[in-house]
Amino acid sequence: MEISIVKIKNVVSDLLAWVRADLVTNVSTPTLSWLYQEFNGIVLDDTNFYTQLKHLVEQGDTDRRKLEVRLMFDKERANLPTIHIHYPNEDGRTGDNTVNTGFLGVDIISDRSVNKYSRSFIGQYELIITGGNSLEVVMLYEFMDALLIAGADTLSFNFDKFEFSGKQLMANQDIIPHLTFYRAIGLSLQSKKIVSSLISRSRPTDVQFHDTPYIDNQQPIDQLASVTITVSPTSRTHGSTLTFTPVVINGGTNPIYGWYLNGSVITGETSNTLSLLFSAAGTYTVQCKVYSEYQYMLPRPAESNILTIVIT
């Protein structure tokens with residue numbers, strides 16, 4: 001599960017770390033650094049924003065004035081350059097809640113499966129910037145505002161929607177000590193919290209099939225219909241009447257017969273025998289096709305051998 005306030009703290013910390021790394025990368029060519037390009041030449045009361053911001057950003061871990069990011073409001077660092085991430089409220093009415101609309105997906109953990117539920121909401125955050133003097137706070141405010149704009153890709157990757165704006169706070173002297181200067185950036189971030197359900201289920205680890213699959217009518221599908229035909233008598237002179245008899249295997253109790261002469265169906269011949277009068281000499285072919293009452297059987301239909309009859 002991801003927690004939004006932790007994500008925003010990590011995002012802000014990573015953006016600051018990127019600025020520090022960019023200064024190191026361009027140590028021999030400082031004019032190419034992002035901080036220089038954005039803030040050099042901005043001067044207030046003879047103070048160059050680039051020079052002062054570079055000094056604050058580059059402070060080492062042992063220096064108390066190193067610019068740091070803290071969750072909620074750290075009163076002990078209020079008079080030092082600090083970005084406090086405050087979390088005043090959360091709008092749970094916006095977005096979706098899959099507890100009501102269904103589940104997001106199923107997670108497979110070992111031999112268990114568990115539904116994954118989600119809740120989308122908009123959280124209202126405040127980046128409260130504090131410091132020991134007003135100029136320092138103004139610089140840090142403008143610095144963070146520019147950094148959030150520049151880091152739009154990072155914010156859009158971590159949050160579904162994001163908006164930010166400057167805010168003026170009413171000082172609570174119980175929280176913000178005297179002689180502490182402050183300014184705030186309001187962040188409106190929409191994100192989704194995905195949590196595993198409390199209920200999990202055992203999942204099958206093995207599936208075994210019967211060696212002879214069955215369908216609804218419980219007839220094994222390996223019983224395929226087939227048919228062969230024989231002919232009698234042996235006389236093959238013109239004017240002879242020959243009788244063709246099929247032998248059907250797995251045709252069911254009421255198979256349907258179709259007879260073909262020279263590849264064409266003989267209309268009206270659907271019985272289990274066929275008698276044909278050959279009035280003219282020639283060569284003929286006869287075949288029988290059987291449609292089983294078991295519609296699932298293949299082939300459909302079952303086709304017999306083809307008898308070639310030579311009439312003299």
# chains A, B, ... in the order shown; residues from 1 in each chain; ligands from 1
call {"tool": "select_by_dssp", "arguments": {"residues": "segment 12-168 of chain A", "states": "strand (DSSP E)", "output": "PyMOL selection string"}}
result
chain A and resi 43-44+47-48+68-71+82-91+105-109+112-131+161-167
call {"tool": "residues_around", "arguments": {"residues": "Thr230 of chain A", "least_positions_apart": "6", "cutoff": "7 Å", "atoms": "only C-alpha atoms", "output": "MDAnalysis selection string"}}
result
chainID A and resid 244:246
call {"tool": "residues_around", "arguments": {"residues": "segment 194-198 of chain A", "least_positions_apart": "3", "cutoff": "7 Å", "atoms": "only C-alpha atoms", "output": "MDAnalysis selection string"}}
result
chainID A and resid 1 114:119
call {"tool": "closest_residue", "arguments": {"among": "A:Arg183, A:Lys66, A:Lys192, A:His84", "to": "Val12 of chain A", "atoms": "only C-alpha atoms"}}
result
A:His84
call {"tool": "atom_distance", "arguments": {"atom1": "atom CA of Leu15 of chain A", "atom2": "atom CA of Glu68 of chain A"}}
result
11.8 Å
call {"tool": "atom_distance", "arguments": {"atom1": "atom CA of Leu127 of chain A", "atom2": "atom CA of Leu16 of chain A"}}
result
13.7 Å
call {"tool": "closest_residue", "arguments": {"among": "A:Arg70, A:Lys7, A:Lys289, A:Arg300", "to": "Ser264 of chain A", "atoms": "only C-alpha atoms"}}
result
A:Lys289
call {"tool": "atom_distance", "arguments": {"atom1": "atom CA of Ala17 of chain A", "atom2": "atom CA of Lys75 of chain A"}}
result
23.5 Å
call {"tool": "closest_residue", "arguments": {"among": "A:Thr285, A:Ser134, A:Thr25, A:Ser232", "to": "Asn262 of chain A", "atoms": "only C-alpha atoms"}}
result
A:Thr285
call {"tool": "residues_around", "arguments": {"residues": "Thr237 of chain A", "least_positions_apart": "6", "cutoff": "12 Å", "atoms": "only C-alpha atoms", "output": "list in words"}}
result
Leu277, Phe278, Ser279, Ala280, Ala281, Gly282, Thr283, Ile309, Val310, Ile311 and Thr312 of chain A
call {"tool": "write_last_selection", "arguments": {"atoms": "N, CA and C atoms", "output": "mmCIF file, in the first residue's frame"}}
result
data_model
loop_
_atom_site.group_PDB
_atom_site.id
_atom_site.type_symbol
_atom_site.label_atom_id
_atom_site.label_comp_id
_atom_site.auth_asym_id
_atom_site.auth_seq_id
_atom_site.Cartn_x
_atom_site.Cartn_y
_atom_site.Cartn_z
ATOM 1 N N LEU A 277 -31.882 -49.106 -60.174
ATOM 2 C CA LEU A 277 -31.989 -49.772 -61.478
ATOM 3 C C LEU A 277 -31.019 -49.098 -62.428
ATOM 4 N N PHE A 278 -30.073 -49.861 -62.940
ATOM 5 C CA PHE A 278 -29.088 -49.324 -63.887
ATOM 6 C C PHE A 278 -29.545 -49.731 -65.285
ATOM 7 N N SER A 279 -30.170 -48.824 -66.019
ATOM 8 C CA SER A 279 -30.751 -49.140 -67.339
ATOM 9 C C SER A 279 -29.768 -48.941 -68.469
ATOM 10 N N ALA A 280 -28.677 -48.298 -68.181
ATOM 11 C CA ALA A 280 -27.715 -48.039 -69.253
ATOM 12 C C ALA A 280 -26.319 -48.434 -68.797
ATOM 13 N N ALA A 281 -25.530 -48.852 -69.787
ATOM 14 C CA ALA A 281 -24.150 -49.210 -69.466
ATOM 15 C C ALA A 281 -23.364 -47.956 -69.092
ATOM 16 N N GLY A 282 -22.319 -48.170 -68.283
ATOM 17 C CA GLY A 282 -21.490 -47.048 -67.875
ATOM 18 C C GLY A 282 -20.823 -47.298 -66.531
ATOM 19 N N THR A 283 -20.108 -46.302 -66.073
ATOM 20 C CA THR A 283 -19.429 -46.404 -64.782
ATOM 21 C C THR A 283 -20.096 -45.425 -63.808
ATOM 22 N N ILE A 309 -19.227 -48.768 -59.615
ATOM 23 C CA ILE A 309 -20.008 -49.827 -60.278
ATOM 24 C C ILE A 309 -19.846 -49.659 -61.792
ATOM 25 N N VAL A 310 -19.401 -50.761 -62.465
ATOM 26 C CA VAL A 310 -19.240 -50.768 -63.914
ATOM 27 C C VAL A 310 -20.377 -51.619 -64.506
ATOM 28 N N ILE A 311 -21.237 -50.973 -65.273
ATOM 29 C CA ILE A 311 -22.390 -51.648 -65.892
ATOM 30 C C ILE A 311 -22.058 -51.890 -67.394
ATOM 31 N N THR A 312 -22.214 -53.162 -67.823
ATOM 32 C CA THR A 312 -21.882 -53.513 -69.216
ATOM 33 C C THR A 312 -23.149 -53.749 -70.016
#
call {"tool": "closest_residue", "arguments": {"among": "A:Phe121, A:Phe49, A:Phe162, A:Tyr260", "to": "Asn89 of chain A", "atoms": "only C-alpha atoms"}}
result
A:Phe121
call {"tool": "residues_around", "arguments": {"residues": "Lys54 of chain A", "least_positions_apart": "4", "cutoff": "12 Å", "atoms": "only C-alpha atoms", "output": "list in words"}}
result
Leu16, Val19, Arg20, Ala21, Asp22, Leu23, Val24, Val27, Pro30, Ser33, Trp34, Leu35, Tyr36, Glu38, Phe39, Asn40, Asn48, Phe49, Tyr50, Glu58, Gln59, Lys66, Leu67, Met139, Leu140 and Phe143 of chain A
call {"tool": "closest_residue", "arguments": {"among": "A:Ala78, A:Ile249, A:Ile128, A:Leu242", "to": "Ser226 of chain A", "atoms": "only C-alpha atoms"}}
result
A:Ile249
call {"tool": "closest_residue", "arguments": {"among": "A:Gln124, A:Val6, A:Ser275, A:Leu135", "to": "Thr241 of chain A", "atoms": "only C-alpha atoms"}}
result
A:Ser275
